[in-house]
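Quick notes on the structure that follows.
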Amino acid sequence: MKALVYDGPGQKTWTDRPDPRILRPTDAIVRIDTTTICGTDLHILKGDVPAVEAGRILGHEGVGTVVETGDSVESISVGQRVLISCIKSCGHCANCKIGLYSHCLGDEGRSGMGWVFGHLIDGTQAEFVRVPYADNSLYALPDSVTDAEAVMLSDILPTGFEMGVQYGQVAPGDVVAVIGAGPVGLAAIATAGLYGAGAIVAIDLDENRLEQARHFGATHTVRSGRPEWRDDVLAVTDGAGVDVAIEAVGVPDTFTMATEIVRPGGHLANVGVHGKPVPLHVENLWIQNISISMGLVNTNTTPMLLKLVAQHKIPAERLATHRFGFDQVLDAYDTFSRAAETHALKVLISR
Ligand code: NAD
Ligand code: ZN
């Protein structure tokens, strides 16, 4: 099969690799129909995620068709159209039982990044992928949900919702600020209303992304990179500070920005993946009684989000701005990595 292989920092090739095989009875093999590229793939390509070694097939988002199942797979069958969760999880270990799928203990003895496709196991930017724990890592798709909508549920919609809105403890009436209106930030913006956010302030350097944010539910937009940005955010709360600040960029500056706008007693939800150490000024923050959360997405809300997408309550398809064939995957990376010029949000790669 053909696959997009990481060849070390700054290098990737679309090349031949052996077809994946069933290795365990809980596995399934899925033919990828549509995949996409995540900001995290760009972090890996820069070399920011050293755990990912050269030779790895990248990608952790995908929609496909099941072509083979292991003997103990029960809920998924050959021929079924499925959504592939970016996190694979056994569903019954101590961590899975509390919804912490990202730290599934499984029986392969890994947790954390071990369970993300395209990290310690081969990913979805390929013609076929092996999916461990297929029963809990694949979701059958109704015909009413398109591939373009469904692929947003592999990672970015659960990430924005779980790591931003839920970890940020958004409550009815809250003023929520989202720093970074990329696909993940837009996913947080699109789902903050589910918990009744009163106002949603999108903050980004890029005017185009701020314009997009309005379509996903932002009530206010603030362009950062100007001295007045903070005053503009605080003005939405009459100077009090926002109830919830969601960091969806992944650089030290934007984490610090989040600490500068949250009210005393508020919540800061860090969603971004940081490749560099982030200063944490506990000496200033402690007196503000701020709670800070962070982590790897669990995708335990995927079934609920899938229902909302099917009901058109979340404008998932709007995130798909560009479409490519499999043989154009390098062009897709180029378009995605020049998002400021191309105005790409998510680029779809389909067979
Ligand atoms: P992206 O690069 O498309 O979007 C980031 C946005 O931040 C861009 O619109 C950019 O203009 C904006 N930005 C950059 N500097 C800024 C600044 N100083 N002020 C305001 N805005 C600024 O990325 P994405 O795909 O939306 O992903 C966002 C982050 O989420 C990445 O770090 C990604 O790795 C991470 N992520 C985390 C998880 C998780 O499990 N926690 C899962 C997926 C992605
Ligand atoms: Zn588990």
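In the structure tokens, each chain is lettered A, B, ... as it comes, each chain's residues begin at 1, and ligands are numbered from 1 in order of appearance.
Secondary structure of stretch 133-224 of chain A, strand (DSSP E) only (DSSP, backbone atoms): Leu138, Tyr139, Ala140, Val175, Val176, Ala177, Val178, Ile179, Ala199, Ile200, Val201, Ala202, Ile203, Asp204, His220, Thr221, Val222 and Arg223 of chain A.
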**Asked** Could you list, as a VMD selection string, all the residues within 7 Å of ligand 1, counting only C-alpha atoms and all ligand atoms?
**Response** chain A and resid 38 to 40 43 155 to 156 159 163 179 to 185 203 to 206 209 224 to 225 248 to 250 253 to 254 271 to 274 294 to 297 345
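Near stretch 47-60 of chain A, within 7 Å and counting only C-alpha atoms, sit Ala3, Leu4, Val5, Tyr6, Asp7, Gly8, Pro9, Ile37, Asp41, Cys86, Val116, Phe117, Gly118, His119, Leu120, Asp122, Gly123, Thr124, Gln125 and Gly275 of chain A, not including residues fewer than 6 positions from it in the same chain.
You will find atom CA of A:Asp27 at 29.6 Å from atom CA of A:Ala187.
Using only C-alpha atoms and all ligand atoms for every distance, the candidate list A:Glu283, A:Asp107, A:Glu162, A:Asp331 yields A:Asp107 as the residue closest to ligand 2.
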Sorted per-residue table, chain A near ligand 2, closest atoms and distance, 9 Å, only C-alpha atoms and all ligand atoms, as CSV:
```
residue,atom,partner,partner_atom_place_in_ligand_line,distance
A:Lys88,CA,ligand 2,1 (Zn),8.4
A:Ser89,CA,ligand 2,1 (Zn),4.8
A:Cys90,CA,ligand 2,1 (Zn),3.9
A:Gly91,CA,ligand 2,1 (Zn),4.8
A:His92,CA,ligand 2,1 (Zn),5.2
A:Cys93,CA,ligand 2,1 (Zn),4.1
A:Ala94,CA,ligand 2,1 (Zn),6.7
A:Asn95,CA,ligand 2,1 (Zn),5.8
A:Cys96,CA,ligand 2,1 (Zn),4.3
A:Lys97,CA,ligand 2,1 (Zn),7.3
A:Gly99,CA,ligand 2,1 (Zn),8.9
A:Leu100,CA,ligand 2,1 (Zn),8.0
A:Tyr101,CA,ligand 2,1 (Zn),6.1
A:Ser102,CA,ligand 2,1 (Zn),8.4
A:His103,CA,ligand 2,1 (Zn),7.1
A:Cys104,CA,ligand 2,1 (Zn),3.5
A:Leu105,CA,ligand 2,1 (Zn),4.9
A:Gly106,CA,ligand 2,1 (Zn),4.7
A:Asp107,CA,ligand 2,1 (Zn),8.3
A:Ser111,CA,ligand 2,1 (Zn),8.8
A:Tyr133,CA,ligand 2,1 (Zn),8.9
```
How about saving the chosen residues, C-alpha atoms kept, as a tab-separated table (two decimals), in the first residue's frame?
```
chain	number	residue	atom	x	y	z
A	88	LYS	CA	-7.52	3.58	20.59
A	89	SER	CA	-8.68	2.12	23.86
A	90	CYS	CA	-9.65	-1.27	25.23
A	91	GLY	CA	-12.73	0.13	26.97
A	92	HIS	CA	-12.45	-2.01	30.11
A	93	CYS	CA	-9.12	-1.35	31.90
A	94	ALA	CA	-9.05	0.80	35.07
A	95	ASN	CA	-8.36	4.00	33.09
A	96	CYS	CA	-10.90	3.29	30.34
A	97	LYS	CA	-13.56	2.63	33.01
A	99	GLY	CA	-13.21	7.59	30.65
A	100	LEU	CA	-9.44	8.19	30.52
A	101	TYR	CA	-9.09	6.45	27.16
A	102	SER	CA	-5.88	8.35	26.40
A	103	HIS	CA	-4.22	6.36	29.18
A	104	CYS	CA	-5.72	2.98	28.35
A	105	LEU	CA	-3.60	0.29	29.97
A	106	GLY	CA	-4.65	-2.23	27.34
A	107	ASP	CA	-2.50	-5.31	27.10
A	111	SER	CA	-0.42	4.63	27.92
A	133	TYR	CA	-9.24	-2.64	20.14
```
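For the pair atom CA of A:Thr191 and atom CA of A:Val244, the separation is 13.6 Å.
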**Item:** All residues 9 Å or closer to A:Ala134, only C-alpha atoms, same chain fewer than 5 positions away omitted, as a PyMOL selection string
**Value:** chain A and resi 26-29+69-70+73-76+84+88-90+139
Print the selection's residues with N, CA and C atoms to a file, as a PDB file, in the first residue's frame.
```pdb
ATOM      1  N   THR A  26      -8.318  -8.632  18.769  1.00  0.00           N
ATOM      2  CA  THR A  26      -9.141  -7.434  18.976  1.00  0.00           C
ATOM      3  C   THR A  26      -8.917  -6.376  17.880  1.00  0.00           C
ATOM      4  N   ASP A  27      -8.055  -6.678  16.905  1.00  0.00           N
ATOM      5  CA  ASP A  27      -7.740  -5.718  15.832  1.00  0.00           C
ATOM      6  C   ASP A  27      -8.784  -5.734  14.711  1.00  0.00           C
ATOM      7  N   ALA A  28      -8.813  -4.620  13.974  1.00  0.00           N
ATOM      8  CA  ALA A  28      -9.488  -4.620  12.666  1.00  0.00           C
ATOM      9  C   ALA A  28      -8.561  -3.932  11.672  1.00  0.00           C
ATOM     10  N   ILE A  29      -8.728  -4.256  10.410  1.00  0.00           N
ATOM     11  CA  ILE A  29      -8.028  -3.526   9.350  1.00  0.00           C
ATOM     12  C   ILE A  29      -9.075  -2.683   8.636  1.00  0.00           C
ATOM     13  N   THR A  69     -11.600  -8.292  10.334  1.00  0.00           N
ATOM     14  CA  THR A  69     -11.676  -8.143  11.792  1.00  0.00           C
ATOM     15  C   THR A  69     -11.034  -9.352  12.456  1.00  0.00           C
ATOM     16  N   GLY A  70     -10.477  -9.129  13.655  1.00  0.00           N
ATOM     17  CA  GLY A  70      -9.934 -10.233  14.440  1.00  0.00           C
ATOM     18  C   GLY A  70     -11.067 -11.068  15.020  1.00  0.00           C
ATOM     19  N   VAL A  73     -13.494  -9.491  17.735  1.00  0.00           N
ATOM     20  CA  VAL A  73     -14.201  -8.214  17.492  1.00  0.00           C
ATOM     21  C   VAL A  73     -15.693  -8.516  17.346  1.00  0.00           C
ATOM     22  N   GLU A  74     -16.517  -7.799  18.127  1.00  0.00           N
ATOM     23  CA  GLU A  74     -17.945  -8.114  18.149  1.00  0.00           C
ATOM     24  C   GLU A  74     -18.836  -7.039  17.547  1.00  0.00           C
ATOM     25  N   SER A  75     -18.489  -5.752  17.814  1.00  0.00           N
ATOM     26  CA  SER A  75     -19.461  -4.712  17.470  1.00  0.00           C
ATOM     27  C   SER A  75     -19.265  -4.134  16.071  1.00  0.00           C
ATOM     28  N   ILE A  76     -18.177  -4.536  15.411  1.00  0.00           N
ATOM     29  CA  ILE A  76     -17.849  -3.953  14.105  1.00  0.00           C
ATOM     30  C   ILE A  76     -17.699  -5.100  13.118  1.00  0.00           C
ATOM     31  N   ILE A  84     -12.690   6.443  12.690  1.00  0.00           N
ATOM     32  CA  ILE A  84     -11.552   5.956  13.474  1.00  0.00           C
ATOM     33  C   ILE A  84     -11.217   7.022  14.517  1.00  0.00           C
ATOM     34  N   LYS A  88      -6.949   4.930  20.517  1.00  0.00           N
ATOM     35  CA  LYS A  88      -7.523   3.581  20.588  1.00  0.00           C
ATOM     36  C   LYS A  88      -7.499   3.149  22.044  1.00  0.00           C
ATOM     37  N   SER A  89      -8.528   2.430  22.444  1.00  0.00           N
ATOM     38  CA  SER A  89      -8.676   2.120  23.865  1.00  0.00           C
ATOM     39  C   SER A  89      -9.429   0.816  24.027  1.00  0.00           C
ATOM     40  N   CYS A  90      -9.040   0.055  25.055  1.00  0.00           N
ATOM     41  CA  CYS A  90      -9.649  -1.266  25.232  1.00  0.00           C
ATOM     42  C   CYS A  90     -11.068  -1.169  25.756  1.00  0.00           C
ATOM     43  N   TYR A 139     -16.262   3.663  15.359  1.00  0.00           N
ATOM     44  CA  TYR A 139     -17.683   3.967  15.534  1.00  0.00           C
ATOM     45  C   TYR A 139     -18.372   3.812  14.185  1.00  0.00           C
TER      46      TYR A 139
END
```
**Prompt:** Taking into account only C-alpha atoms, which residue in the set A:Phe326, A:Gln169, A:Ala310, A:Val236 is nearest to A:Leu268?
**Reply:** A:Gln169
**Asked** When DSSP works through the backbone of this structure, what residues of stretch 45-256 of chain A end up as helix (DSSP H, G or I), shown as number ranges by chain?
**Response** A: 45-46, 94-97, 101-103, 112-115, 134-137, 147-153, 156-166, 183-195, 207-215, 229-235, 252-256
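Residue nearest A:Asp232, chosen from A:Leu306, A:Leu83, A:Ile246, A:Ile261 and counting only C-alpha atoms: A:Ile261.
The space separating atom CA of A:Ala332 from atom CA of A:Lys313 comes to 28.0 Å.
By only C-alpha atoms, and with residues fewer than 5 positions from A:Leu308 along its chain excluded, the set lying at most 12 Å from it is Ser144, Val145, Glu149, Ala150, Leu153, Leu157, Pro158, Ala190, Thr191, Leu194, Thr301, Thr302, Pro303, Lys313, Ile314, Pro315 and Ala316 of chain A.
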Since we have the selection now, will you write its residues out, keeping N, CA and C atoms, as a short mmCIF file (atom, residue, chain, number, x, y, z; two decimals), in the first residue's frame?
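Written output follows (again-v7.cif):
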```cif
data_model
loop_
_atom_site.label_atom_id
_atom_site.label_comp_id
_atom_site.auth_asym_id
_atom_site.auth_seq_id
_atom_site.Cartn_x
_atom_site.Cartn_y
_atom_site.Cartn_z
N SER A 144 -26.28 9.35 7.02
CA SER A 144 -26.59 10.79 7.00
C SER A 144 -25.37 11.65 7.31
N VAL A 145 -24.31 11.06 7.85
CA VAL A 145 -23.10 11.85 8.18
C VAL A 145 -22.07 11.64 7.08
N GLU A 149 -17.73 15.44 7.44
CA GLU A 149 -18.19 15.74 8.82
C GLU A 149 -17.55 14.76 9.80
N ALA A 150 -17.57 13.49 9.42
CA ALA A 150 -17.15 12.44 10.37
C ALA A 150 -15.68 12.56 10.73
N LEU A 153 -14.53 14.26 13.74
CA LEU A 153 -14.80 13.63 15.03
C LEU A 153 -13.66 12.71 15.47
N LEU A 157 -12.90 17.74 17.03
CA LEU A 157 -14.12 18.09 17.76
C LEU A 157 -14.07 17.58 19.20
N PRO A 158 -13.72 16.30 19.42
CA PRO A 158 -13.57 15.88 20.82
C PRO A 158 -12.50 16.68 21.56
N ALA A 190 -17.25 26.10 18.68
CA ALA A 190 -18.50 25.50 18.19
C ALA A 190 -19.21 24.69 19.26
N THR A 191 -18.48 24.24 20.30
CA THR A 191 -19.11 23.39 21.32
C THR A 191 -19.27 24.08 22.67
N LEU A 194 -22.75 24.40 23.94
CA LEU A 194 -23.46 23.22 24.45
C LEU A 194 -23.66 23.33 25.96
N THR A 301 -16.29 11.34 24.38
CA THR A 301 -17.56 12.00 24.06
C THR A 301 -17.92 11.84 22.59
N THR A 302 -17.14 11.04 21.86
CA THR A 302 -17.38 10.92 20.41
C THR A 302 -18.81 10.49 20.06
N PRO A 303 -19.39 9.48 20.74
CA PRO A 303 -20.76 9.09 20.36
C PRO A 303 -21.76 10.25 20.50
N LYS A 313 -26.14 20.19 14.57
CA LYS A 313 -25.99 21.16 15.68
C LYS A 313 -24.56 21.68 15.74
N ILE A 314 -23.64 20.99 15.07
CA ILE A 314 -22.23 21.44 15.01
C ILE A 314 -21.87 21.51 13.52
N PRO A 315 -21.40 22.67 13.03
CA PRO A 315 -21.14 22.81 11.59
C PRO A 315 -19.81 22.18 11.18
N ALA A 316 -19.71 20.85 11.35
CA ALA A 316 -18.44 20.15 11.16
C ALA A 316 -17.90 20.30 9.73
#
```
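All residues of protein, DNA or RNA that reach within 6 Å of A:Val30, judged by only C-alpha atoms and not counting those fewer than 4 positions away in the chain, are Gly64, Thr65, Val66, Val67, Phe128 and Val129 of chain A.
Restricting the calculation to only C-alpha atoms, the smallest distance between A:Phe216 and any of A:Ala258, A:Val242, A:Leu42, A:Leu186 is found for A:Leu186.
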**Item:** Neighbour list for A:Phe324 as a list of chain:residue names, cut-off 7 Å, only C-alpha atoms, skip fewer than 2 positions in-chain
**Value:** A:His322, A:Phe326, A:Gln328, A:Val329, A:Ala332, A:Leu348, A:Ile349, A:Ser350
With N, CA and C atoms retained, could you export that selection as an mmCIF file, in the first residue's frame?
```
data_model
loop_
_atom_site.group_PDB
_atom_site.id
_atom_site.type_symbol
_atom_site.label_atom_id
_atom_site.label_comp_id
_atom_site.auth_asym_id
_atom_site.auth_seq_id
_atom_site.Cartn_x
_atom_site.Cartn_y
_atom_site.Cartn_z
ATOM 1 N N HIS A 322 -10.355 22.332 1.979
ATOM 2 C CA HIS A 322 -9.633 21.906 0.775
ATOM 3 C C HIS A 322 -9.721 20.393 0.653
ATOM 4 N N PHE A 326 -5.413 10.901 -2.727
ATOM 5 C CA PHE A 326 -4.291 10.304 -1.994
ATOM 6 C C PHE A 326 -2.942 10.631 -2.641
ATOM 7 N N GLN A 328 -2.073 13.194 -3.956
ATOM 8 C CA GLN A 328 -1.730 14.620 -3.798
ATOM 9 C C GLN A 328 -1.441 14.947 -2.328
ATOM 10 N N VAL A 329 -1.091 13.932 -1.554
ATOM 11 C CA VAL A 329 -0.963 14.141 -0.109
ATOM 12 C C VAL A 329 0.125 15.170 0.219
ATOM 13 N N ALA A 332 -1.341 18.448 -0.158
ATOM 14 C CA ALA A 332 -2.240 18.705 0.975
ATOM 15 C C ALA A 332 -1.439 19.239 2.169
ATOM 16 N N LEU A 348 -8.869 17.753 3.369
ATOM 17 C CA LEU A 348 -9.274 16.351 3.289
ATOM 18 C C LEU A 348 -8.471 15.636 2.214
ATOM 19 N N ILE A 349 -8.076 14.413 2.521
ATOM 20 C CA ILE A 349 -7.348 13.576 1.566
ATOM 21 C C ILE A 349 -8.203 12.320 1.405
ATOM 22 N N SER A 350 -8.693 12.110 0.191
ATOM 23 C CA SER A 350 -9.649 11.006 -0.003
ATOM 24 C C SER A 350 -9.217 10.101 -1.150
#
```
